[in-house]
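See below for input28.tsv, which holds TSV, C-alpha atoms.
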```tsv
chain	number	residue	atom	x	y	z
A	1	MET	CA	-29.75	3.47	9.56
A	2	THR	CA	-29.90	1.75	6.14
A	3	THR	CA	-27.51	-0.89	4.79
A	4	SER	CA	-25.92	1.58	2.39
A	5	THR	CA	-25.30	4.06	5.23
A	6	VAL	CA	-23.51	1.45	7.32
A	7	VAL	CA	-21.40	0.24	4.37
A	8	LEU	CA	-20.68	3.88	3.46
A	9	ALA	CA	-19.43	4.67	6.97
A	10	LEU	CA	-17.30	1.50	7.00
A	11	ALA	CA	-15.85	2.24	3.54
A	12	VAL	CA	-14.92	5.83	4.44
A	13	PHE	CA	-13.52	4.76	7.81
A	14	GLY	CA	-11.43	1.98	6.24
A	15	ALA	CA	-10.14	4.09	3.35
A	16	SER	CA	-9.28	6.94	5.69
A	17	ALA	CA	-7.51	4.58	8.12
A	18	VAL	CA	-5.35	3.11	5.33
A	19	GLU	CA	-4.31	6.54	4.07
A	20	MET	CA	-3.76	7.88	7.59
A	21	VAL	CA	-1.41	4.99	8.44
A	22	GLU	CA	0.71	6.07	5.47
A	23	ALA	CA	0.51	9.74	6.51
A	24	LEU	CA	1.40	8.89	10.13
A	25	THR	CA	4.61	7.22	8.97
A	26	ILE	CA	5.73	10.48	7.33
A	27	VAL	CA	4.58	12.65	10.26
A	28	ALA	CA	6.39	10.37	12.73
A	29	ALA	CA	9.59	10.57	10.66
A	30	ALA	CA	9.28	14.38	10.49
A	31	GLY	CA	8.53	14.59	14.23
A	32	VAL	CA	11.45	12.42	15.30
A	33	THR	CA	14.01	14.14	13.08
A	34	ARG	CA	12.79	17.75	12.87
A	35	GLY	CA	10.76	18.26	16.03
A	36	TRP	CA	7.20	17.38	17.00
A	37	ARG	CA	5.97	20.96	17.20
A	38	SER	CA	6.48	21.66	13.49
A	39	ALA	CA	5.36	18.18	12.43
A	40	LEU	CA	2.11	18.51	14.38
A	41	GLU	CA	1.52	22.05	13.10
A	42	GLY	CA	2.04	20.80	9.53
A	43	THR	CA	-0.38	17.94	10.18
A	44	LEU	CA	-3.02	20.27	11.64
A	45	ALA	CA	-2.65	22.75	8.77
A	46	ALA	CA	-3.07	19.96	6.18
A	47	ALA	CA	-6.11	18.57	8.04
A	48	LEU	CA	-7.70	22.05	8.04
A	49	VAL	CA	-7.08	22.52	4.30
A	50	LEU	CA	-8.53	19.06	3.58
A	51	GLY	CA	-11.59	19.81	5.73
A	52	ALA	CA	-12.09	23.12	3.93
A	53	LEU	CA	-11.87	21.28	0.59
A	54	VAL	CA	-14.63	18.88	1.65
A	55	ILE	CA	-16.89	21.81	2.56
A	56	ALA	CA	-15.94	23.98	-0.44
A	57	VAL	CA	-16.33	21.23	-3.05
A	58	GLY	CA	-18.65	18.69	-1.44
A	59	VAL	CA	-21.49	20.94	-0.28
A	60	PRO	CA	-22.01	22.82	-3.60
A	61	LEU	CA	-21.64	19.54	-5.50
A	62	ALA	CA	-24.37	17.88	-3.45
A	63	ARG	CA	-26.69	20.90	-3.73
A	64	LEU	CA	-26.21	22.11	-7.31
A	65	VAL	CA	-25.56	19.05	-9.49
A	66	PRO	CA	-28.56	16.85	-10.40
A	67	ILE	CA	-28.41	13.70	-8.25
A	68	ASN	CA	-28.40	11.21	-11.15
A	69	VAL	CA	-25.55	12.99	-12.97
A	70	LEU	CA	-23.67	13.14	-9.68
A	71	ARG	CA	-24.17	9.42	-9.08
A	72	VAL	CA	-22.93	8.41	-12.54
A	73	VAL	CA	-19.82	10.63	-12.39
A	74	ILE	CA	-19.08	9.87	-8.75
A	75	GLY	CA	-19.83	6.16	-9.17
A	76	GLY	CA	-17.34	6.14	-12.05
A	77	LEU	CA	-14.66	7.78	-9.87
A	78	LEU	CA	-15.31	5.30	-7.05
A	79	LEU	CA	-15.06	2.44	-9.54
A	80	VAL	CA	-11.69	3.65	-10.87
A	81	LEU	CA	-10.35	4.05	-7.34
A	82	GLY	CA	-11.86	0.83	-5.97
A	83	LEU	CA	-10.68	-1.31	-8.90
A	84	ASP	CA	-7.15	0.10	-8.63
A	85	TRP	CA	-7.01	-0.72	-4.88
A	86	LEU	CA	-8.44	-4.20	-5.54
A	87	ARG	CA	-5.95	-4.89	-8.33
A	88	LYS	CA	-2.99	-3.88	-6.18
A	89	ALA	CA	-4.29	-5.77	-3.13
A	90	VAL	CA	-4.76	-8.98	-5.16
A	91	LEU	CA	-1.31	-8.67	-6.76
A	92	ARG	CA	0.28	-8.00	-3.34
A	93	ALA	CA	-1.64	-10.79	-1.60
A	94	SER	CA	-0.52	-13.27	-4.26
A	95	GLY	CA	3.10	-12.15	-4.16
A	96	HIS	CA	3.18	-10.48	-7.58
A	97	MET	CA	3.74	-6.99	-6.21
A	98	ALA	CA	5.88	-5.91	-3.28
A	99	LEU	CA	3.97	-5.05	-0.09
A	100	HIS	CA	3.74	-1.43	0.98
A	101	ASP	CA	6.51	-1.30	3.57
A	102	GLU	CA	5.96	1.41	6.20
A	103	ASP	CA	9.29	0.54	7.90
A	104	ALA	CA	11.22	1.22	4.70
A	105	ILE	CA	9.32	4.46	4.03
A	106	TYR	CA	9.95	5.60	7.62
A	107	ALA	CA	13.67	4.78	7.40
A	108	ARG	CA	13.99	6.56	4.03
A	109	THR	CA	12.17	9.67	5.28
A	110	VAL	CA	14.23	9.80	8.49
A	111	ALA	CA	17.46	9.41	6.52
A	112	GLY	CA	16.43	12.16	4.09
A	113	LEU	CA	15.36	14.57	6.82
A	114	SER	CA	18.39	13.92	9.01
A	115	GLY	CA	20.60	15.19	6.21
A	116	ALA	CA	18.64	18.40	5.67
A	117	PRO	CA	19.98	21.46	7.48
A	118	SER	CA	17.87	22.91	10.28
A	119	PRO	CA	16.86	26.56	9.80
A	120	ALA	CA	16.91	26.91	13.58
A	121	THR	CA	20.53	25.92	14.09
A	122	GLY	CA	21.99	25.69	10.60
A	123	ARG	CA	23.26	22.19	11.33
A	124	ALA	CA	22.20	19.02	9.55
A	125	GLY	CA	19.94	16.80	11.63
A	126	ALA	CA	20.05	19.06	14.66
A	127	GLY	CA	16.91	18.40	16.70
A	128	SER	CA	15.12	21.72	16.89
A	129	TRP	CA	12.46	19.92	18.98
A	130	ARG	CA	14.83	20.15	21.90
A	131	HIS	CA	14.41	23.92	21.78
A	132	GLY	CA	10.70	23.80	20.88
A	133	ARG	CA	11.46	25.91	17.80
A	134	ARG	CA	9.61	25.88	14.52
A	135	ASP	CA	11.24	23.99	11.66
A	136	ALA	CA	10.12	24.78	8.11
A	137	THR	CA	11.32	21.42	6.74
A	138	GLY	CA	9.47	19.40	9.37
A	139	PHE	CA	6.31	21.47	8.82
A	140	THR	CA	6.47	21.11	5.03
A	141	VAL	CA	7.16	17.36	5.05
A	142	ALA	CA	4.32	16.68	7.53
A	143	PHE	CA	1.97	19.01	5.62
A	144	LYS	CA	2.73	17.40	2.25
A	145	GLY	CA	2.49	13.87	3.67
A	146	VAL	CA	-0.90	14.43	5.28
A	147	PHE	CA	-2.23	16.55	2.39
A	148	LEU	CA	-1.25	14.11	-0.37
A	149	GLU	CA	-2.41	11.00	1.49
A	150	GLY	CA	-5.55	12.85	2.57
A	151	MET	CA	-6.53	13.89	-0.96
A	152	GLU	CA	-7.82	10.40	-1.75
A	153	VAL	CA	-9.76	10.46	1.51
A	154	VAL	CA	-11.28	13.82	0.53
A	155	LEU	CA	-12.29	12.38	-2.83
A	156	ILE	CA	-13.87	9.35	-1.16
A	157	VAL	CA	-15.66	11.51	1.44
A	158	ILE	CA	-16.98	13.87	-1.25
A	159	THR	CA	-17.95	11.14	-3.70
A	160	LEU	CA	-19.61	8.78	-1.24
A	161	GLY	CA	-21.05	11.54	0.92
A	162	ALA	CA	-22.44	13.73	-1.86
A	163	SER	CA	-23.99	10.88	-3.87
A	164	SER	CA	-25.77	9.39	-0.86
A	165	GLY	CA	-26.68	12.66	0.84
A	166	HIS	CA	-24.55	11.79	3.87
A	167	LEU	CA	-21.62	14.19	3.47
A	168	ALA	CA	-21.47	14.98	7.19
A	169	LEU	CA	-21.51	11.28	8.15
A	170	ALA	CA	-18.73	10.54	5.64
A	171	ALA	CA	-16.63	13.41	7.00
A	172	VAL	CA	-17.17	12.24	10.59
A	173	ALA	CA	-16.19	8.64	9.65
A	174	ALA	CA	-12.97	9.93	8.02
A	175	ALA	CA	-12.16	12.14	11.01
A	176	ALA	CA	-12.85	9.24	13.39
A	177	ALA	CA	-10.43	7.04	11.45
A	178	ALA	CA	-7.76	9.75	11.61
A	179	VAL	CA	-8.22	10.06	15.37
A	180	VAL	CA	-8.14	6.26	15.90
A	181	VAL	CA	-4.96	5.89	13.80
A	182	CYS	CA	-3.27	8.77	15.69
A	183	VAL	CA	-4.23	7.35	19.10
A	184	VAL	CA	-3.13	3.81	18.18
A	185	GLY	CA	0.06	5.21	16.64
A	186	TYR	CA	0.77	7.14	19.86
A	187	LEU	CA	0.00	4.15	22.10
A	188	VAL	CA	2.15	1.68	20.21
A	189	THR	CA	4.79	4.39	19.62
A	190	ARG	CA	5.76	3.06	16.26
A	191	GLN	CA	4.84	3.73	12.65
A	192	LEU	CA	2.12	1.07	12.52
A	193	SER	CA	4.11	-1.29	10.29
A	194	GLU	CA	2.19	-4.23	11.76
A	195	VAL	CA	-1.16	-2.94	10.50
A	196	PRO	CA	-2.52	-5.40	7.91
A	197	GLU	CA	-2.63	-2.61	5.36
A	198	ASN	CA	-3.10	-4.85	2.34
A	199	SER	CA	-6.09	-6.66	3.87
A	200	MET	CA	-7.63	-3.30	4.76
A	201	LYS	CA	-7.01	-2.04	1.24
A	202	LEU	CA	-8.62	-5.19	-0.17
A	203	ALA	CA	-11.73	-4.76	2.01
A	204	VAL	CA	-12.05	-1.05	1.19
A	205	GLY	CA	-11.42	-1.73	-2.52
A	206	ILE	CA	-14.31	-4.23	-2.49
A	207	MET	CA	-16.61	-1.68	-0.81
A	208	LEU	CA	-15.63	1.20	-3.12
A	209	THR	CA	-16.09	-0.97	-6.22
A	210	SER	CA	-19.50	-2.13	-4.95
A	211	PHE	CA	-20.59	1.46	-4.28
A	212	GLY	CA	-19.27	2.53	-7.68
A	213	VAL	CA	-21.27	-0.15	-9.52
A	214	PHE	CA	-24.36	0.59	-7.44
A	215	TRP	CA	-24.29	4.38	-7.88
A	216	VAL	CA	-23.55	4.28	-11.62
A	217	GLY	CA	-26.48	1.87	-12.05
A	218	GLU	CA	-28.79	4.07	-9.94
A	219	GLY	CA	-27.71	7.21	-11.74
A	220	ALA	CA	-28.27	5.56	-15.13
A	221	GLY	CA	-31.84	4.74	-14.09
A	222	LEU	CA	-31.40	1.04	-13.29
A	223	HIS	CA	-33.59	-0.33	-10.48
A	224	TRP	CA	-31.45	-2.74	-8.48
A	225	PRO	CA	-33.47	-5.62	-6.96
A	226	GLY	CA	-33.65	-5.20	-3.19
A	227	SER	CA	-32.57	-1.56	-3.53
A	228	ASP	CA	-29.80	-0.79	-0.98
A	229	LEU	CA	-29.44	-4.48	-0.08
A	230	MET	CA	-27.92	-5.00	-3.53
A	231	ILE	CA	-24.78	-3.31	-2.18
A	232	LEU	CA	-24.24	-6.31	0.10
A	233	VAL	CA	-24.72	-8.68	-2.86
A	234	LEU	CA	-22.16	-6.68	-4.85
A	235	VAL	CA	-19.76	-6.76	-1.88
A	236	GLY	CA	-20.12	-10.57	-1.89
A	237	VAL	CA	-19.57	-10.81	-5.66
A	238	PHE	CA	-16.40	-8.70	-5.59
A	239	ALA	CA	-15.10	-10.40	-2.44
A	240	LEU	CA	-15.46	-13.78	-4.16
A	241	THR	CA	-13.84	-12.39	-7.32
A	242	ALA	CA	-10.88	-11.04	-5.32
A	243	ALA	CA	-10.51	-14.35	-3.47
A	244	ALA	CA	-10.66	-16.34	-6.71
A	245	LEU	CA	-8.15	-14.04	-8.42
A	246	SER	CA	-5.75	-14.21	-5.44
A	247	PHE	CA	-6.04	-18.01	-5.45
A	248	ALA	CA	-5.45	-18.20	-9.21
A	249	MET	CA	-2.48	-15.83	-9.00
A	250	ARG	CA	-0.91	-17.87	-6.20
A	251	ARG	CA	-1.39	-21.07	-8.20
A	252	ILE	CA	0.26	-19.51	-11.23
A	253	GLY	CA	3.14	-18.34	-9.04
A	254	PRO	CA	5.28	-15.24	-9.30
A	255	THR	CA	7.16	-14.34	-12.43
A	256	ARG	CA	10.94	-14.86	-12.35
A	257	GLN	CA	11.57	-11.12	-11.89
A	258	THR	CA	9.09	-10.84	-9.00
A	259	ALA	CA	10.51	-13.91	-7.28
A	260	ALA	CA	13.96	-12.31	-7.41
A	261	VAL	CA	12.67	-9.00	-6.04
A	262	HIS	CA	10.70	-10.68	-3.22
A	263	GLY	CA	13.70	-11.50	-1.11
A	264	GLY	CA	12.52	-8.57	1.01
A	265	ARG	CA	9.61	-6.14	1.00
A	266	SER	CA	9.77	-2.87	-0.82
A	267	SER	CA	7.33	0.01	-1.07
B	1	MET	CA	1.41	33.47	-14.11
B	2	THR	CA	4.08	30.77	-13.83
B	3	SER	CA	2.75	29.61	-10.48
B	4	ILE	CA	-0.78	29.33	-11.94
B	5	VAL	CA	0.54	27.23	-14.85
B	6	ARG	CA	2.50	25.09	-12.38
B	7	ALA	CA	-0.57	24.63	-10.18
B	8	LEU	CA	-2.70	23.71	-13.20
B	9	GLY	CA	-0.02	21.24	-14.32
B	10	ALA	CA	0.05	19.64	-10.86
B	11	PHE	CA	-3.77	19.49	-10.84
B	12	GLY	CA	-3.74	17.80	-14.26
B	13	ARG	CA	-1.05	15.32	-13.17
B	14	PHE	CA	-3.03	14.47	-10.03
B	15	TRP	CA	-6.12	13.59	-12.08
B	16	LYS	CA	-4.07	11.71	-14.70
B	17	ASP	CA	-2.45	9.64	-11.93
B	18	PHE	CA	-5.78	9.17	-10.21
B	19	LEU	CA	-7.78	8.16	-13.28
B	20	ILE	CA	-5.20	6.32	-15.37
B	21	GLY	CA	-2.23	5.56	-13.11
B	22	GLU	CA	-0.52	2.22	-13.75
B	23	ALA	CA	-3.63	0.52	-15.11
B	24	PRO	CA	-5.22	2.45	-18.02
B	25	GLU	CA	-7.35	-0.63	-18.78
B	26	LEU	CA	-9.31	-0.01	-15.56
B	27	PHE	CA	-10.15	3.53	-16.68
B	28	LEU	CA	-11.23	2.16	-20.06
B	29	GLY	CA	-13.26	-0.53	-18.30
B	30	THR	CA	-15.00	2.10	-16.17
B	31	LEU	CA	-15.92	4.12	-19.27
B	32	ILE	CA	-17.31	0.98	-20.93
B	33	PHE	CA	-19.17	0.11	-17.73
B	34	VAL	CA	-20.78	3.58	-17.54
B	35	GLY	CA	-21.74	3.37	-21.23
B	36	ALA	CA	-23.21	-0.11	-20.70
B	37	ALA	CA	-25.16	1.07	-17.63
B	38	LEU	CA	-26.67	3.96	-19.61
B	39	ALA	CA	-27.50	1.66	-22.53
B	40	LEU	CA	-28.89	-1.28	-20.52
B	41	HIS	CA	-30.81	0.40	-17.70
B	42	HIS	CA	-34.16	-0.56	-19.27
B	43	HIS	CA	-33.22	-4.25	-19.48
B	44	GLY	CA	-33.81	-5.14	-15.82
B	45	TYR	CA	-32.16	-8.41	-14.77
B	46	VAL	CA	-29.96	-8.56	-17.89
B	47	ALA	CA	-28.33	-5.32	-16.72
B	48	VAL	CA	-28.20	-6.46	-13.09
B	49	VAL	CA	-26.22	-9.56	-14.09
B	50	LEU	CA	-24.19	-8.10	-16.95
B	51	LEU	CA	-22.92	-4.91	-15.29
B	52	PRO	CA	-21.05	-6.56	-12.39
B	53	LEU	CA	-19.68	-9.13	-14.88
B	54	ILE	CA	-18.13	-6.32	-16.95
B	55	VAL	CA	-16.34	-5.09	-13.82
B	56	VAL	CA	-15.21	-8.62	-12.91
B	57	ALA	CA	-13.87	-9.16	-16.44
B	58	PHE	CA	-11.85	-5.92	-16.46
B	59	LEU	CA	-10.52	-6.54	-12.95
B	60	GLY	CA	-9.43	-10.06	-13.90
B	61	GLY	CA	-7.80	-8.82	-17.09
B	62	SER	CA	-5.99	-6.05	-15.22
B	63	VAL	CA	-4.70	-8.43	-12.52
B	64	PHE	CA	-3.33	-10.83	-15.16
B	65	ARG	CA	-1.81	-7.89	-17.02
B	66	GLY	CA	-0.25	-6.71	-13.73
B	67	ARG	CA	1.28	-10.15	-13.24
B	68	ALA	CA	2.73	-10.12	-16.74
B	69	LYS	CA	4.25	-6.68	-16.09
B	70	SER	CA	5.74	-7.68	-12.72
```
So, in terms of structure tokens, how does the structure I just supplied come out?
Amino acid sequence: MTTSTVVLALAVFGASAVEMVEALTIVAAAGVTRGWRSALEGTLAAALVLGALVIAVGVPLARLVPINVLRVVIGGLLLVLGLDWLRKAVLRASGHMALHDEDAIYARTVAGLSGAPSPATGRAGAGSWRHGRRDATGFTVAFKGVFLEGMEVVLIVITLGASSGHLALAAVAAAAAAVVVCVVGYLVTRQLSEVPENSMKLAVGIMLTSFGVFWVGEGAGLHWPGSDLMILVLVGVFALTAAALSFAMRRIGPTRQTAAVHGGRSS
Amino acid sequence: MTSIVRALGAFGRFWKDFLIGEAPELFLGTLIFVGAALALHHHGYVAVVLLPLIVVAFLGGSVFRGRAKS
């Protein structure tokens, strides 16, 4: 197994775990308020659609598009995504942007769903789970939550997998992350608000940015010294950059507006 | 027909949010980076040093811009 394969699997696993934590919050809210049967069916349906997307888009992409074109385009997409995650993670770590608050999202979703009438009983907030009936609202909310959060994972799986020729490995890493998050979520029976999501996002942002720079360079015809090992060098460069930027941002301190907002966390 | 237009609109919005989002400077930086990679790929170590620096510069600029906006 080469260095790039290991980093690829870690990047996909990390990115998928971050997105799945967010999806789990929505699924848990839908399950608690509208019934677990519909929430789990919505989750499964979304997972199947996402899996079909990976096969329908990823496989032809990897087979039909010339590898260098694929690497430039895909490297560019990874760079956009990785830089955006890094930017947000640095701003959040230094207190310039509110942390992603799973507790608040969970509470908001539960409050919203509790007010919606149940098709099963016609009453607002009536727990159709008690009767094991299907609930269209619970299904739709869980489906949308998993599908929307999963779309970035699909993009990462397709981009990293297709450009490196390891689409199956990328898909397995993403599925493994989803399973791990679900199991941990079930065991701790909460919406994983204690997960260090920002640190995970920072680490994955560094890896995605490094892959993006590497693949664009390879696709453009640049020969990186050390070949795949250059990915580790790039990871080091962007990790140092993120650390330096976080340090500089903390030294500068939050703006007056941010300091006022940071009495509590918001999403 | 309306549902197709709506789906296309949603598809377009997804890509706009994905590519540009809150930080259009990062999308611009990526385009400049890709252009630089295509232009410099024959220049060996100059490209190896310069390309990551372009990314570092745009990331730094975007973080400072994000602070100013916050």
Notebook entry, point to check: To one decimal place, how far is CA of Ala23 in chain B from CA of Gly219 in chain A in Å?
Noted result: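 For CA of Ala23 in chain B relative to CA of Gly219 in chain A, the distance reads 25.2 Å.
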Chain B residues within 9 Å of chain A, counting all atoms listed in the file: which ones, as a compact mmCIF listing (two decimals) with C-alpha atoms, in the coordinates of the input?
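Below is the file result08.txt, written as the result:
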```txt
# COMPACT_ATOMS: atom_id res chain seq x y z
CA PHE B 18 -5.78 9.17 -10.21
CA LEU B 19 -7.78 8.16 -13.28
CA ILE B 20 -5.20 6.32 -15.37
CA GLY B 21 -2.23 5.56 -13.11
CA GLU B 22 -0.52 2.22 -13.75
CA ALA B 23 -3.63 0.52 -15.11
CA LEU B 26 -9.31 -0.01 -15.56
CA PHE B 27 -10.15 3.53 -16.68
CA GLY B 29 -13.26 -0.53 -18.30
CA THR B 30 -15.00 2.10 -16.17
CA LEU B 31 -15.92 4.12 -19.27
CA PHE B 33 -19.17 0.11 -17.73
CA VAL B 34 -20.78 3.58 -17.54
CA ALA B 37 -25.16 1.07 -17.63
CA LEU B 38 -26.67 3.96 -19.61
CA ALA B 39 -27.50 1.66 -22.53
CA LEU B 40 -28.89 -1.28 -20.52
CA HIS B 41 -30.81 0.40 -17.70
CA HIS B 42 -34.16 -0.56 -19.27
CA HIS B 43 -33.22 -4.25 -19.48
CA GLY B 44 -33.81 -5.14 -15.82
CA TYR B 45 -32.16 -8.41 -14.77
CA ALA B 47 -28.33 -5.32 -16.72
CA VAL B 48 -28.20 -6.46 -13.09
CA LEU B 51 -22.92 -4.91 -15.29
CA PRO B 52 -21.05 -6.56 -12.39
CA VAL B 55 -16.34 -5.09 -13.82
CA VAL B 56 -15.21 -8.62 -12.91
CA PHE B 58 -11.85 -5.92 -16.46
CA LEU B 59 -10.52 -6.54 -12.95
CA GLY B 60 -9.43 -10.06 -13.90
CA SER B 62 -5.99 -6.05 -15.22
CA VAL B 63 -4.70 -8.43 -12.52
CA PHE B 64 -3.33 -10.83 -15.16
CA GLY B 66 -0.25 -6.71 -13.73
CA ARG B 67 1.28 -10.15 -13.24
CA ALA B 68 2.73 -10.12 -16.74
CA LYS B 69 4.25 -6.68 -16.09
CA SER B 70 5.74 -7.68 -12.72
```
Kindly give the distance, in Å, that separates CA of Phe14 in chain B and CA of Arg65 in chain B, rounded to a single decimal.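 Distance between the two atoms: 23.5 Å.
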Please measure the separation of CA of Gly35 in chain B and CA of Gly61 in chain B, giving the value in Å to one decimal.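 A separation of 19.0 Å between them.
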Pick out the residues sitting within 7 Å of range 4-13 of chain A, and hand them over as a PDB file with C-alpha atoms, in the frame of the given file; count only C-alpha atoms, and ignore anything fewer than 4 positions along from it in its own chain.
```pdb
ATOM      1  CA  ALA A  17      -7.510   4.580   8.120  1.00  0.00           C
ATOM      2  CA  ILE A 156     -13.870   9.350  -1.160  1.00  0.00           C
ATOM      3  CA  VAL A 157     -15.660  11.510   1.440  1.00  0.00           C
ATOM      4  CA  LEU A 160     -19.610   8.780  -1.240  1.00  0.00           C
ATOM      5  CA  ALA A 170     -18.730  10.540   5.640  1.00  0.00           C
ATOM      6  CA  ALA A 173     -16.190   8.640   9.650  1.00  0.00           C
ATOM      7  CA  ALA A 174     -12.970   9.930   8.020  1.00  0.00           C
ATOM      8  CA  ALA A 177     -10.430   7.040  11.450  1.00  0.00           C
ATOM      9  CA  VAL A 204     -12.050  -1.050   1.190  1.00  0.00           C
ATOM     10  CA  MET A 207     -16.610  -1.680  -0.810  1.00  0.00           C
ATOM     11  CA  LEU A 208     -15.630   1.200  -3.120  1.00  0.00           C
ATOM     12  CA  ASP A 228     -29.800  -0.790  -0.980  1.00  0.00           C
ATOM     13  CA  ILE A 231     -24.780  -3.310  -2.180  1.00  0.00           C
TER      14      ILE A 231
END
```
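In terms of minimum interatomic distance to Leu155 in chain A, B:Trp15 ranks closest within B:Trp15, B:Ile32, B:Leu50, B:Glu25, counting all atoms listed in the file.
Within the 8 Å cut-off around range 37-50 of chain A, using only C-alpha atoms and omitting residues fewer than 2 positions from it on the same chain, the listed residues are Val27, Ala28, Ala30, Gly31, Arg34, Gly35, Ala52, Leu53, Val54, Trp129, Gly132, Arg133, Arg134, Asp135, Ala136, Gly138, Phe139, Thr140, Val141, Ala142, Phe143, Lys144, Val146, Phe147, Gly150, Met151 and Val154 of chain A.
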Inset, instruction - Would you please work out which residue, of A:Leu187, A:Met20, A:Leu167, A:Met200, is nearest to Ile55 in chain A when using all atoms listed in the file? - result: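 For Ile55 in chain A, the nearest of the candidates is A:Leu167.
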